[in-house]
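Visitor: Data: work11.csv, CSV, N, CA and C atoms.
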chain,number,residue,atom,x,y,z
A,176,ARG,N,14.9,6.4,1.7
A,176,ARG,CA,14.9,6.3,0.3
A,176,ARG,C,15.3,4.9,-0.2
A,177,ASP,N,16.3,4.4,0.6
A,177,ASP,CA,16.8,3.0,0.2
A,177,ASP,C,15.7,2.0,0.4
A,178,ASN,N,14.9,2.2,1.5
A,178,ASN,CA,13.8,1.3,1.7
A,178,ASN,C,12.7,1.4,0.6
A,179,PHE,N,12.4,2.6,0.2
A,179,PHE,CA,11.5,2.7,-0.9
A,179,PHE,C,12.0,2.0,-2.2
A,180,GLU,N,13.2,2.2,-2.5
A,180,GLU,CA,13.8,1.6,-3.7
A,180,GLU,C,13.8,0.1,-3.6
A,181,TYR,N,14.1,-0.4,-2.4
A,181,TYR,CA,14.1,-1.9,-2.1
A,181,TYR,C,12.7,-2.5,-2.4
A,182,LEU,N,11.7,-1.9,-1.8
A,182,LEU,CA,10.3,-2.4,-2.1
A,182,LEU,C,9.9,-2.2,-3.5
A,183,LEU,N,10.3,-1.1,-4.1
A,183,LEU,CA,10.0,-0.9,-5.5
A,183,LEU,C,10.5,-2.0,-6.4
A,184,THR,N,11.8,-2.4,-6.2
A,184,THR,CA,12.4,-3.4,-6.9
A,184,THR,C,11.8,-4.8,-6.7
A,185,ASN,N,11.3,-5.0,-5.5
A,185,ASN,CA,10.8,-6.4,-5.1
A,185,ASN,C,9.3,-6.5,-5.2
A,186,LEU,N,8.6,-5.5,-5.3
A,186,LEU,CA,7.1,-5.6,-5.4
A,186,LEU,C,6.6,-5.2,-6.7
A,187,SER,N,7.4,-4.6,-7.6
A,187,SER,CA,6.8,-4.1,-8.8
A,187,SER,C,6.3,-5.1,-9.8
A,188,LYS,N,6.7,-6.4,-9.7
A,188,LYS,CA,6.3,-7.4,-10.7
A,188,LYS,C,5.2,-8.3,-10.1
A,189,MET,N,4.6,-8.0,-9.0
A,189,MET,CA,3.5,-8.8,-8.4
A,189,MET,C,2.2,-8.4,-9.1
A,190,ASP,N,1.4,-9.4,-9.4
A,190,ASP,CA,0.1,-9.2,-10.1
A,190,ASP,C,-0.9,-8.5,-9.3
A,191,ASP,N,-1.1,-8.8,-8.0
A,191,ASP,CA,-2.2,-8.3,-7.3
A,191,ASP,C,-2.0,-6.9,-6.7
A,192,ILE,N,-0.9,-6.2,-7.0
A,192,ILE,CA,-0.7,-4.9,-6.5
A,192,ILE,C,-0.2,-4.0,-7.7
A,193,LYS,N,-0.4,-2.7,-7.5
A,193,LYS,CA,0.0,-1.7,-8.4
A,193,LYS,C,0.8,-0.7,-7.7
A,194,ILE,N,2.0,-0.4,-8.2
A,194,ILE,CA,2.9,0.5,-7.6
A,194,ILE,C,2.4,1.9,-7.9
A,195,VAL,N,2.3,2.8,-7.0
A,195,VAL,CA,1.8,4.2,-7.2
A,195,VAL,C,2.9,5.0,-7.8
A,196,PHE,N,4.1,5.0,-7.3
A,196,PHE,CA,5.2,5.8,-7.8
A,196,PHE,C,6.3,4.9,-8.2
A,197,ASN,N,6.8,5.0,-9.5
A,197,ASN,CA,7.9,4.2,-10.0
A,197,ASN,C,9.2,4.8,-9.7
A,198,HIS,N,9.3,6.0,-9.2
A,198,HIS,CA,10.5,6.6,-8.8
A,198,HIS,C,10.2,7.7,-7.8
A,199,ILE,N,11.2,8.2,-7.1
A,199,ILE,CA,11.0,9.4,-6.2
A,199,ILE,C,12.1,10.4,-6.6
A,200,PRO,N,11.7,11.6,-6.8
A,200,PRO,CA,12.7,12.6,-7.2
A,200,PRO,C,13.8,12.8,-6.1
A,201,ASN,N,14.9,13.3,-6.5
A,201,ASN,CA,16.0,13.7,-5.5
A,201,ASN,C,15.4,14.6,-4.5
A,202,GLY,N,15.9,14.5,-3.3
A,202,GLY,CA,15.5,15.3,-2.2
A,202,GLY,C,14.1,15.0,-1.5
A,203,ILE,N,13.4,14.0,-2.1
A,203,ILE,CA,12.2,13.5,-1.5
A,203,ILE,C,12.4,12.3,-0.6
A,204,CYS,N,11.9,12.4,0.6
A,204,CYS,CA,12.0,11.2,1.6
A,204,CYS,C,10.6,10.8,1.9
A,205,PRO,N,10.0,9.8,1.3
A,205,PRO,CA,8.6,9.4,1.5
A,205,PRO,C,8.3,8.9,2.9
A,206,LEU,N,7.1,9.2,3.3
A,206,LEU,CA,6.7,8.7,4.7
A,206,LEU,C,6.4,7.2,4.7
A,207,PHE,N,5.8,6.7,3.6
A,207,PHE,CA,5.5,5.3,3.5
A,207,PHE,C,5.6,4.9,2.0
A,208,PHE,N,5.4,3.6,1.7
A,208,PHE,CA,5.4,3.1,0.4
A,208,PHE,C,4.0,2.8,0.0
A,209,PRO,N,3.4,3.6,-0.9
A,209,PRO,CA,2.0,3.4,-1.2
A,209,PRO,C,1.8,2.3,-2.3
A,210,LEU,N,0.8,1.5,-2.2
A,210,LEU,CA,0.4,0.5,-3.2
A,210,LEU,C,-1.1,0.6,-3.4
A,211,ILE,N,-1.5,0.2,-4.6
A,211,ILE,CA,-2.9,0.0,-4.8
A,211,ILE,C,-3.2,-1.5,-4.9
A,212,VAL,N,-4.1,-2.0,-4.0
A,212,VAL,CA,-4.4,-3.4,-3.9
A,212,VAL,C,-5.9,-3.6,-4.1
A,213,LYS,N,-6.3,-4.7,-4.6
A,213,LYS,CA,-7.7,-5.0,-4.8
A,213,LYS,C,-8.5,-5.2,-3.6
A,214,ASN,N,-7.9,-5.7,-2.5
A,214,ASN,CA,-8.7,-6.0,-1.3
A,214,ASN,C,-7.8,-5.5,-0.1
A,215,ARG,N,-7.9,-4.2,0.1
A,215,ARG,CA,-7.0,-3.5,1.1
A,215,ARG,C,-7.3,-4.1,2.5
A,216,PRO,N,-8.5,-4.3,3.0
A,216,PRO,CA,-8.7,-4.9,4.3
A,216,PRO,C,-8.0,-6.3,4.5
A,217,TYR,N,-8.0,-7.1,3.4
A,217,TYR,CA,-7.4,-8.4,3.5
A,217,TYR,C,-5.9,-8.3,3.7
A,218,TYR,N,-5.3,-7.4,2.8
A,218,TYR,CA,-3.8,-7.2,3.0
A,218,TYR,C,-3.4,-6.6,4.3
A,219,TYR,N,-4.2,-5.7,4.7
A,219,TYR,CA,-4.0,-5.0,6.0
A,219,TYR,C,-4.0,-6.1,7.1
A,220,GLN,N,-5.0,-6.9,7.1
A,220,GLN,CA,-5.1,-8.0,8.2
A,220,GLN,C,-4.0,-9.0,8.1
A,221,LYS,N,-3.6,-9.4,6.9
A,221,LYS,CA,-2.5,-10.4,6.8
A,221,LYS,C,-1.2,-9.8,7.2
A,222,LEU,N,-1.0,-8.6,6.9
A,222,LEU,CA,0.3,-7.9,7.3
A,222,LEU,C,0.3,-7.8,8.9
A,223,LYS,N,-0.9,-7.4,9.4
A,223,LYS,CA,-1.0,-7.2,10.9
A,223,LYS,C,-0.8,-8.6,11.6
A,224,GLU,N,-1.3,-9.7,11.0
A,224,GLU,CA,-1.0,-11.0,11.6
A,224,GLU,C,0.5,-11.3,11.7
A,225,LYS,N,1.3,-10.7,10.8
A,225,LYS,CA,2.7,-10.9,10.8
A,225,LYS,C,3.5,-9.9,11.6
A,226,GLY,N,2.7,-9.0,12.3
A,226,GLY,CA,3.3,-7.9,13.1
A,226,GLY,C,3.7,-6.7,12.3
A,227,ILE,N,3.2,-6.5,11.1
A,227,ILE,CA,3.5,-5.4,10.2
A,227,ILE,C,2.3,-4.4,10.3
A,228,THR,N,2.6,-3.2,10.7
A,228,THR,CA,1.6,-2.2,10.7
A,228,THR,C,1.6,-1.4,9.4
A,229,SER,N,0.6,-1.6,8.6
A,229,SER,CA,0.4,-0.9,7.4
A,229,SER,C,-0.6,0.2,7.6
A,230,PHE,N,-0.8,1.0,6.6
A,230,PHE,CA,-1.7,2.2,6.7
A,230,PHE,C,-2.8,2.0,5.7
A,231,GLN,N,-4.1,2.0,6.1
A,231,GLN,CA,-5.2,2.0,5.2
A,231,GLN,C,-5.5,3.5,5.0
A,232,TYR,N,-4.7,4.1,4.1
A,232,TYR,CA,-4.6,5.5,3.9
A,232,TYR,C,-5.9,6.1,3.4
A,233,TRP,N,-6.2,7.2,4.0
A,233,TRP,CA,-7.3,8.1,3.5
A,233,TRP,C,-8.6,7.4,3.6
A,234,GLN,N,-8.9,6.8,4.8
A,234,GLN,CA,-10.2,6.1,5.0
A,234,GLN,C,-11.4,6.9,5.2
A,235,ILE,N,-11.3,8.0,5.9
A,235,ILE,CA,-12.5,8.8,6.3
A,235,ILE,C,-13.0,9.6,5.1
A,236,ARG,N,-14.3,9.6,5.0
A,236,ARG,CA,-15.0,10.4,3.9
A,236,ARG,C,-15.7,11.5,4.6
A,237,HIS,N,-15.3,12.7,4.3
A,237,HIS,CA,-15.9,13.9,4.9
A,237,HIS,C,-17.3,14.0,4.3
A,238,GLU,N,-18.3,14.3,5.2
A,238,GLU,CA,-19.7,14.3,4.8
A,238,GLU,C,-20.0,15.4,3.8
A,239,ALA,N,-19.2,16.5,3.8
A,239,ALA,CA,-19.5,17.6,2.9
A,239,ALA,C,-19.1,17.4,1.5
A,240,VAL,N,-18.3,16.4,1.2
A,240,VAL,CA,-17.8,16.1,-0.1
A,240,VAL,C,-18.8,15.3,-0.9
A,241,PRO,N,-19.2,15.7,-2.1
A,241,PRO,CA,-20.1,14.9,-2.9
A,241,PRO,C,-19.3,13.7,-3.6
A,242,TRP,N,-19.1,12.6,-2.9
A,242,TRP,CA,-18.2,11.6,-3.3
A,242,TRP,C,-18.6,11.0,-4.7
A,243,ASP,N,-19.9,11.0,-5.0
A,243,ASP,CA,-20.3,10.5,-6.3
A,243,ASP,C,-19.7,11.2,-7.5
A,244,LYS,N,-19.2,12.4,-7.2
A,244,LYS,CA,-18.6,13.2,-8.3
A,244,LYS,C,-17.1,13.0,-8.4
A,245,TYR,N,-16.6,12.2,-7.5
A,245,TYR,CA,-15.1,12.0,-7.5
A,245,TYR,C,-14.8,10.5,-7.4
A,246,PRO,N,-15.2,9.7,-8.4
A,246,PRO,CA,-15.0,8.3,-8.4
A,246,PRO,C,-13.5,7.9,-8.2
A,247,ASP,N,-12.6,8.7,-8.8
A,247,ASP,CA,-11.2,8.3,-8.7
A,247,ASP,C,-10.7,8.5,-7.2
A,248,ALA,N,-11.2,9.5,-6.5
A,248,ALA,CA,-10.9,9.7,-5.1
A,248,ALA,C,-11.4,8.5,-4.3
A,249,VAL,N,-12.7,8.1,-4.6
A,249,VAL,CA,-13.3,7.0,-3.9
A,249,VAL,C,-12.4,5.7,-4.1
A,250,PHE,N,-12.0,5.5,-5.3
A,250,PHE,CA,-11.2,4.3,-5.6
A,250,PHE,C,-9.9,4.3,-4.8
A,251,LEU,N,-9.2,5.5,-4.7
A,251,LEU,CA,-8.0,5.6,-3.9
A,251,LEU,C,-8.3,5.3,-2.5
A,252,LYS,N,-9.4,5.9,-2.0
A,252,LYS,CA,-9.7,5.7,-0.6
A,252,LYS,C,-9.9,4.2,-0.2
A,253,GLN,N,-10.4,3.5,-1.2
A,253,GLN,CA,-10.7,2.1,-0.9
A,253,GLN,C,-9.5,1.1,-1.2
A,254,HIS,N,-8.5,1.6,-1.9
A,254,HIS,CA,-7.4,0.7,-2.4
A,254,HIS,C,-6.0,1.1,-2.0
A,255,VAL,N,-5.7,2.3,-1.6
A,255,VAL,CA,-4.3,2.6,-1.3
A,255,VAL,C,-3.9,2.0,0.1
A,256,LEU,N,-2.8,1.3,0.1
A,256,LEU,CA,-2.3,0.7,1.3
A,256,LEU,C,-0.8,1.2,1.4
A,257,GLY,N,-0.5,1.7,2.6
A,257,GLY,CA,0.9,2.2,2.8
A,257,GLY,C,1.7,1.3,3.6
A,258,LEU,N,2.9,1.0,3.2
A,258,LEU,CA,3.8,0.1,3.9
A,258,LEU,C,4.8,1.0,4.6
A,259,PRO,N,5.2,0.7,5.8
A,259,PRO,CA,6.2,1.5,6.5
A,259,PRO,C,7.6,1.3,5.9
A,260,ILE,N,8.3,2.4,5.8
A,260,ILE,CA,9.6,2.4,5.3
A,260,ILE,C,10.6,3.4,6.0
A,261,HIS,N,10.2,3.7,7.2
A,261,HIS,CA,11.0,4.7,8.0
A,261,HIS,C,12.4,4.1,8.3
A,262,GLN,N,13.2,5.0,8.9
A,262,GLN,CA,14.6,4.7,9.1
A,262,GLN,C,14.9,3.5,10.0
A,263,ASP,N,13.9,3.1,10.8
A,263,ASP,CA,14.1,2.0,11.8
A,263,ASP,C,13.7,0.7,11.1
A,264,ILE,N,13.2,0.7,9.9
A,264,ILE,CA,12.9,-0.5,9.1
A,264,ILE,C,14.1,-1.0,8.4
A,265,SER,N,14.5,-2.3,8.7
A,265,SER,CA,15.7,-2.9,8.1
A,265,SER,C,15.3,-3.6,6.8
A,266,PHE,N,16.2,-4.1,6.0
A,266,PHE,CA,15.9,-4.9,4.9
A,266,PHE,C,15.3,-6.2,5.3
A,267,ASP,N,15.7,-6.7,6.5
A,267,ASP,CA,15.0,-7.9,7.0
A,267,ASP,C,13.5,-7.7,7.2
A,268,HIS,N,13.2,-6.5,7.7
A,268,HIS,CA,11.8,-6.2,7.9
A,268,HIS,C,11.1,-6.1,6.5
A,269,LEU,N,11.7,-5.5,5.6
A,269,LEU,CA,11.2,-5.3,4.2
A,269,LEU,C,11.0,-6.7,3.5
A,270,ASP,N,12.0,-7.6,3.8
A,270,ASP,CA,11.9,-8.9,3.2
A,270,ASP,C,10.6,-9.7,3.8
A,271,LEU,N,10.3,-9.4,5.1
A,271,LEU,CA,9.1,-10.0,5.7
A,271,LEU,C,7.9,-9.5,5.0
A,272,MET,N,7.8,-8.2,4.7
A,272,MET,CA,6.7,-7.6,4.0
A,272,MET,C,6.6,-8.2,2.6
A,273,ILE,N,7.7,-8.4,1.9
A,273,ILE,CA,7.7,-8.9,0.6
A,273,ILE,C,7.2,-10.4,0.6
A,274,ASP,N,7.6,-11.1,1.6
A,274,ASP,CA,7.2,-12.5,1.7
A,274,ASP,C,5.7,-12.6,2.0
A,275,VAL,N,5.2,-11.7,2.8
A,275,VAL,CA,3.7,-11.7,3.0
A,275,VAL,C,3.0,-11.6,1.7
A,276,PHE,N,3.4,-10.6,0.9
A,276,PHE,CA,2.8,-10.4,-0.4
A,276,PHE,C,2.9,-11.6,-1.4
A,277,ARG,N,4.1,-12.3,-1.3
A,277,ARG,CA,4.3,-13.5,-2.1
A,277,ARG,C,3.5,-14.7,-1.6
A,278,ASP,N,3.2,-14.8,-0.3
A,278,ASP,CA,2.6,-15.9,0.3
A,278,ASP,C,1.1,-15.9,0.3
A,279,ILE,N,0.5,-14.7,0.3
A,279,ILE,CA,-0.9,-14.6,0.4
A,279,ILE,C,-1.6,-14.3,-1.0
A,280,HIS,N,-2.7,-14.9,-1.2
A,280,HIS,CA,-3.5,-14.6,-2.4
A,280,HIS,C,-4.9,-14.1,-2.0
A,281,PRO,N,-5.2,-12.9,-2.3
A,281,PRO,CA,-6.4,-12.3,-1.8
A,281,PRO,C,-7.6,-13.0,-2.5
A,282,PRO,N,-8.7,-13.1,-1.8
A,282,PRO,CA,-9.9,-13.6,-2.4
A,282,PRO,C,-10.4,-12.7,-3.4
A,283,THR,N,-11.2,-13.2,-4.4
A,283,THR,CA,-11.7,-12.3,-5.4
A,283,THR,C,-12.8,-11.4,-4.8
A,284,ILE,N,-12.8,-10.2,-5.1
A,284,ILE,CA,-13.8,-9.2,-4.7
A,284,ILE,C,-14.2,-8.4,-5.9
A,285,SER,N,-15.4,-7.8,-5.8
A,285,SER,CA,-15.9,-7.0,-6.9
A,285,SER,C,-15.1,-5.6,-6.8
A,286,GLN,N,-14.8,-5.0,-7.9
A,286,GLN,CA,-14.2,-3.7,-8.0
A,286,GLN,C,-15.3,-2.6,-7.9
A,287,ASN,N,-15.0,-1.6,-7.1
A,287,ASN,CA,-15.9,-0.5,-7.0
A,287,ASN,C,-15.6,0.6,-8.0
Take the structure from the file and write it as structure tokens.

Guide:
Amino acid sequence: RDNFEYLLTNLSKMDDIKIVFNHIPNGICPLFFPLIVKNRPYYYQKLKEKGITSFQYWQIRHEAVPWDKYPDAVFLKQHVLGLPIHQDISFDHLDLMIDVFRDIHPPTISQN
């Protein structure tokens, strides 16, 4: 929870990302810190280059789902990136993640 709050405080004012949850209710311990980013593969790769394993959450599209009827779900599948915040992640690790977001500027891409 502390790691979630730390990232929330430090990432919430950045232009290229959107925070999915602005708070977490008492008793909730999140698995990761979800963000919406314009170019998920770019952020994923830049984080990976710094040794940070992020999650390109919800990538697979089941063939039985008529995706054209669910544009919001398609958008989330293409843009949600999860940052690790488990108990072995220190504030130093979180600072490295924050620095990556401050240092990189994603190329312009078209929105789907």

Visitor: Applying 6 Å and only C-alpha atoms, which residues near region 205-216 of chain A remain after dropping the ones on its own chain fewer than 2 positions away? List them as a PyMOL selection string.

Guide: chain A and resi 192-195+218-219+254-260

Visitor: Rounded to one decimal in Å, what is the spacing between atom N of Asn197 (chain A) and atom C of Leu183 (chain A)?

Guide: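 For atom N of Asn197 (chain A) relative to atom C of Leu183 (chain A), the distance reads 8.5 Å.
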
Visitor: Considering only C-alpha atoms, state which residue in the set A:Tyr181, A:Gly202, A:Lys225, A:Arg176 is at the smallest distance from Phe266 (chain A).

Guide: A:Tyr181

Visitor: What is the distance, in Å and to one decimal place, between CA of His268 (chain A) and CA of Trp233 (chain A)?

Guide: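 Separating CA of His268 (chain A) from CA of Trp233 (chain A) is a distance of 24.3 Å.
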
Visitor: What does the distance between atom C of Arg236 (chain A) and CA of Asp191 (chain A) come to in Å, to one decimal place?

Guide: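 So the answer is 26.8 Å.
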
Visitor: Can you list, as a VMD selection string, all residues belonging to chain A that DSSP tags as strand (DSSP E)?

Guide: chain A and resid 192 to 194 207 to 212 255 to 259

Visitor: Restricting the calculation to only C-alpha atoms: of A:Leu222, A:Ile199, A:Val249, A:Ile235, which residue gets closest to Leu269 (chain A)?

Guide: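 Nearest candidate to Leu269 (chain A) out of A:Leu222, A:Ile199, A:Val249, A:Ile235: A:Leu222.
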
Visitor: Which residues in chain A does DSSP call alpha helix (DSSP H)? List them as a PyMOL selection string.

Guide: chain A and resi 177-186+215-224+246-254+266-278

Visitor: When you look at region 239-242 of chain A with a cut-off of 12 Å (counting only C-alpha atoms), what residues show up, excluding the ones that are within fewer than 6 positions of it in the same chain? I need them as a ChimeraX atom specification.

Guide: /A:248-252
